[in-house]
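Working notes, structure below.
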Amino acid sequence: MATPIGNLGDITARALEVLAHADVVAAEDTRVSRALLTHFGISARLVSLREHNERAAAAGVIGWLGQGQSVALVSDAGTPAVSDPGAHLVGQVRAAGHAVFPVPGPSALTAALSASGIVADGVVFAGFLPAKGADRRRRLADLAAGPWAMALFESPHRVATTLVDLHAALGDRDVVIARELTKRFESIVRMPLREAAAWVAADADRSRGEFVLVIEGREPARGGVEAAKVIAVLAEALPPSQAAALAAKITGESRGGLYRAALDRSARKSRPVKPR
């Protein structure tokens, strides 16, 4: 079930009822959840269910359910299994034949989207990006290749670097930086990606707290020119980096995504053809 991401007043009446009647509450951090339950005068049996013990704890939860007990699953804030532990447990519980009932409520993702002003036909939720290396570059390239707006979570010590990397991969789009949502120092600002890292660095307070970043989707290619066709033609005659740079100027799309497309075409051309 969803629990408040900051303001305790956001908890739902249904969540309070479920917590009050649960035989067991499986919590990401029992200290955090105990403070929540105490605030609302709820006494419940708390057990730990963290990322590192989730698989082992699943057997215990399934055992309690088999005995007819009710188990409520909570994370520290927001909704379990949304960039938090819980997905493995839910899968195991369902596989064991038990029903799983969602109790929706507060969400940093939907809160940021609703206050962003980003207009989009669809939004890709990217969670937390890989910290570094090839996995990070690959995820950014995948995001750049799609036409949709996107939302992701970020921690305070990486937010400035992530904004730099997003600008490099996505080009000049707007980003909404939502920080400390529903808390005392909540802030929500919108600016071009090219300015975002410098804006965060200009004030130490701007890099504190938890972040949701919402980035607008890719604009349609100018003049109806399809990027896939452009990169296909240019990649036949130019190295991938040059083809991507020129295609980006022609179509107005992200150089990173076009570069990956050019590399893919080059790799396909270099594969030997098997005789039939």
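So you can find residues: chains in the structure tokens are A, B, ... in the order shown, residues in each start at 1, and ligands are numbered from 1 in order.
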
*asked:* DSSP on the backbone, helix (DSSP H, G or I) only: what residues of region 3-170 of chain A does that give? Format it as JSON, numbers by chain.
replied: {"A": [8, 9, 10, 13, 14, 15, 16, 17, 18, 19, 20, 21, 30, 31, 32, 33, 34, 35, 36, 37, 38, 39, 54, 55, 56, 57, 58, 59, 60, 61, 62, 63, 64, 65, 66, 87, 88, 89, 90, 91, 92, 93, 94, 95, 108, 109, 110, 111, 112, 113, 114, 115, 116, 133, 134, 135, 136, 137, 138, 139, 140, 141, 142, 143, 144, 145, 159, 160, 161, 162, 163, 164, 165, 166, 167, 168, 169, 170]}

*Please provide as JSON, numbers by chain all residues within 6 Å of region 100-106 of chain A, with the sequence filter that same-chain residues fewer than 4 positions apart are discarded (counting only C-alpha atoms).*
{"A": [1, 2, 4, 78]}

_Straight-line distance linking CA of Glu216 (chain A) with CA of Val164 (chain A), stated in Å to one decimal_ =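 Value for the CA of Glu216 (chain A)-CA of Val164 (chain A) distance: 15.7 Å.
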
*Please identify all polymer residues within 7 Å of Leu163 (chain A), counting only C-alpha atoms, omitting same-chain residues fewer than 5 positions from it, and present them as a list of chain:residue names.*
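Near Leu163 (chain A), the qualifying residues are A:Leu193, A:Ala196, A:Ala197.
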
_One number please: CA of Trp148 (chain A) to CA of Ile215 (chain A), in Å, one decimal._
9.0 Å

*Can you tell me, as a list in words, what residues are no more than 10 Å from Ala149 (chain A) when counting only C-alpha atoms, ignoring any on the same chain fewer than 2 positions away?*
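Once the adjacent positions are removed, what remains is Ile118, Val119, Ala120, Asp121, Gly122, Val123, Val124, Phe125, Leu143, Ala144, Gly146, Pro147, Ala151, Arg173, Val175, Val214, Ile215, Glu216, Gly217, Arg218 and Glu219 of chain A.
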
Mind writing the picked residues with N, CA and C atoms as a PDB file, in the first residue's frame?
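As a result, selection_9.pdb now contains:
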```
ATOM      1  N   ILE A 118       4.171  19.612 -18.041  1.00  0.00           N
ATOM      2  CA  ILE A 118       4.666  18.956 -19.259  1.00  0.00           C
ATOM      3  C   ILE A 118       3.491  18.294 -19.961  1.00  0.00           C
ATOM      4  N   VAL A 119       3.241  18.693 -21.196  1.00  0.00           N
ATOM      5  CA  VAL A 119       2.147  18.119 -21.984  1.00  0.00           C
ATOM      6  C   VAL A 119       2.715  16.971 -22.816  1.00  0.00           C
ATOM      7  N   ALA A 120       2.129  15.781 -22.690  1.00  0.00           N
ATOM      8  CA  ALA A 120       2.675  14.620 -23.386  1.00  0.00           C
ATOM      9  C   ALA A 120       1.577  13.596 -23.656  1.00  0.00           C
ATOM     10  N   ASP A 121       1.726  12.892 -24.774  1.00  0.00           N
ATOM     11  CA  ASP A 121       0.811  11.793 -25.078  1.00  0.00           C
ATOM     12  C   ASP A 121       1.137  10.553 -24.263  1.00  0.00           C
ATOM     13  N   GLY A 122       2.349  10.457 -23.793  1.00  0.00           N
ATOM     14  CA  GLY A 122       2.766   9.326 -22.979  1.00  0.00           C
ATOM     15  C   GLY A 122       4.008   9.693 -22.199  1.00  0.00           C
ATOM     16  N   VAL A 123       4.232   9.000 -21.077  1.00  0.00           N
ATOM     17  CA  VAL A 123       5.383   9.278 -20.222  1.00  0.00           C
ATOM     18  C   VAL A 123       6.070   7.957 -19.887  1.00  0.00           C
ATOM     19  N   VAL A 124       7.370   7.900 -20.065  1.00  0.00           N
ATOM     20  CA  VAL A 124       8.171   6.740 -19.682  1.00  0.00           C
ATOM     21  C   VAL A 124       8.743   6.980 -18.289  1.00  0.00           C
ATOM     22  N   PHE A 125       8.506   6.052 -17.374  1.00  0.00           N
ATOM     23  CA  PHE A 125       9.081   6.139 -16.037  1.00  0.00           C
ATOM     24  C   PHE A 125      10.369   5.343 -16.025  1.00  0.00           C
ATOM     25  N   LEU A 143      16.400   6.120 -23.844  1.00  0.00           N
ATOM     26  CA  LEU A 143      15.444   7.191 -23.563  1.00  0.00           C
ATOM     27  C   LEU A 143      15.438   8.221 -24.679  1.00  0.00           C
ATOM     28  N   ALA A 144      16.626   8.557 -25.182  1.00  0.00           N
ATOM     29  CA  ALA A 144      16.723   9.549 -26.250  1.00  0.00           C
ATOM     30  C   ALA A 144      16.051   9.079 -27.528  1.00  0.00           C
ATOM     31  N   GLY A 146      13.323   7.364 -27.880  1.00  0.00           N
ATOM     32  CA  GLY A 146      11.866   7.372 -27.841  1.00  0.00           C
ATOM     33  C   GLY A 146      11.297   8.769 -27.967  1.00  0.00           C
ATOM     34  N   PRO A 147      10.038   8.890 -28.375  1.00  0.00           N
ATOM     35  CA  PRO A 147       9.424  10.209 -28.557  1.00  0.00           C
ATOM     36  C   PRO A 147       8.743  10.757 -27.308  1.00  0.00           C
ATOM     37  N   ALA A 151      10.098  10.507 -16.890  1.00  0.00           N
ATOM     38  CA  ALA A 151      10.243  10.890 -15.487  1.00  0.00           C
ATOM     39  C   ALA A 151      11.199   9.909 -14.838  1.00  0.00           C
ATOM     40  N   ARG A 173      15.846  20.161 -24.327  1.00  0.00           N
ATOM     41  CA  ARG A 173      14.457  20.031 -23.915  1.00  0.00           C
ATOM     42  C   ARG A 173      14.286  20.690 -22.553  1.00  0.00           C
ATOM     43  N   VAL A 175      13.195  20.615 -18.592  1.00  0.00           N
ATOM     44  CA  VAL A 175      13.129  19.674 -17.481  1.00  0.00           C
ATOM     45  C   VAL A 175      12.417  20.352 -16.321  1.00  0.00           C
ATOM     46  N   VAL A 214      11.270  15.478 -14.524  1.00  0.00           N
ATOM     47  CA  VAL A 214      10.322  15.242 -15.622  1.00  0.00           C
ATOM     48  C   VAL A 214      10.833  16.008 -16.833  1.00  0.00           C
ATOM     49  N   ILE A 215      11.084  15.297 -17.937  1.00  0.00           N
ATOM     50  CA  ILE A 215      11.651  15.905 -19.135  1.00  0.00           C
ATOM     51  C   ILE A 215      10.651  15.798 -20.277  1.00  0.00           C
ATOM     52  N   GLU A 216      10.487  16.891 -21.001  1.00  0.00           N
ATOM     53  CA  GLU A 216       9.512  16.886 -22.081  1.00  0.00           C
ATOM     54  C   GLU A 216       9.931  15.932 -23.188  1.00  0.00           C
ATOM     55  N   GLY A 217       8.951  15.464 -23.964  1.00  0.00           N
ATOM     56  CA  GLY A 217       9.214  14.517 -25.032  1.00  0.00           C
ATOM     57  C   GLY A 217       9.902  15.165 -26.213  1.00  0.00           C
ATOM     58  N   ARG A 218      10.337  14.328 -27.112  1.00  0.00           N
ATOM     59  CA  ARG A 218      11.030  14.797 -28.306  1.00  0.00           C
ATOM     60  C   ARG A 218      10.052  15.485 -29.238  1.00  0.00           C
ATOM     61  N   GLU A 219      10.448  16.623 -29.775  1.00  0.00           N
ATOM     62  CA  GLU A 219       9.606  17.322 -30.734  1.00  0.00           C
ATOM     63  C   GLU A 219       9.591  16.555 -32.047  1.00  0.00           C
TER      64      GLU A 219
END
```

*When DSSP works through the backbone of this structure, what residues of region 114-183 of chain A end up as strand (DSSP E or B), shown as a ChimeraX atom specification?*
/A:123-128,149-154,174-179

_My list of candidates is A:Ser43, A:Ser241, A:Thr162, A:Ser116. Which is closest to Met191 (chain A) when distances are computed with only C-alpha atoms?_
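The shortest atom-to-atom distance to Met191 (chain A) comes from A:Ser116.
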
*What is the CA of Ala141 (chain A)-CA of Phe211 (chain A) distance in Å, reported with one decimal?*
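Rounded to one decimal, the two atoms are 21.4 Å apart.
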
*Pick from A:Ala145, A:Leu49, A:Ala202, A:Ala168, whichever lies nearest to Leu258 (chain A) using only C-alpha atoms*: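 Between A:Ala145, A:Leu49, A:Ala202, A:Ala168, the residue approaching Leu258 (chain A) most closely is A:Ala145.
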
*Find the residues near region 152-157 of chain A: any atom within 7 Å, counting only C-alpha atoms, skip ones fewer than 3 places away on the same chain, and give them as a list in words.*
Phe125, Ala126, Gly127, Phe128, Ser207, Arg208, Gly209, Glu210, Phe211, Val212, Leu213 and Val214 of chain A

_Top pick for closest residue to Val24 (chain A), considering A:Gln69, A:Gln242, A:Thr161, A:Ser114 and counting only C-alpha atoms_ = A:Gln69
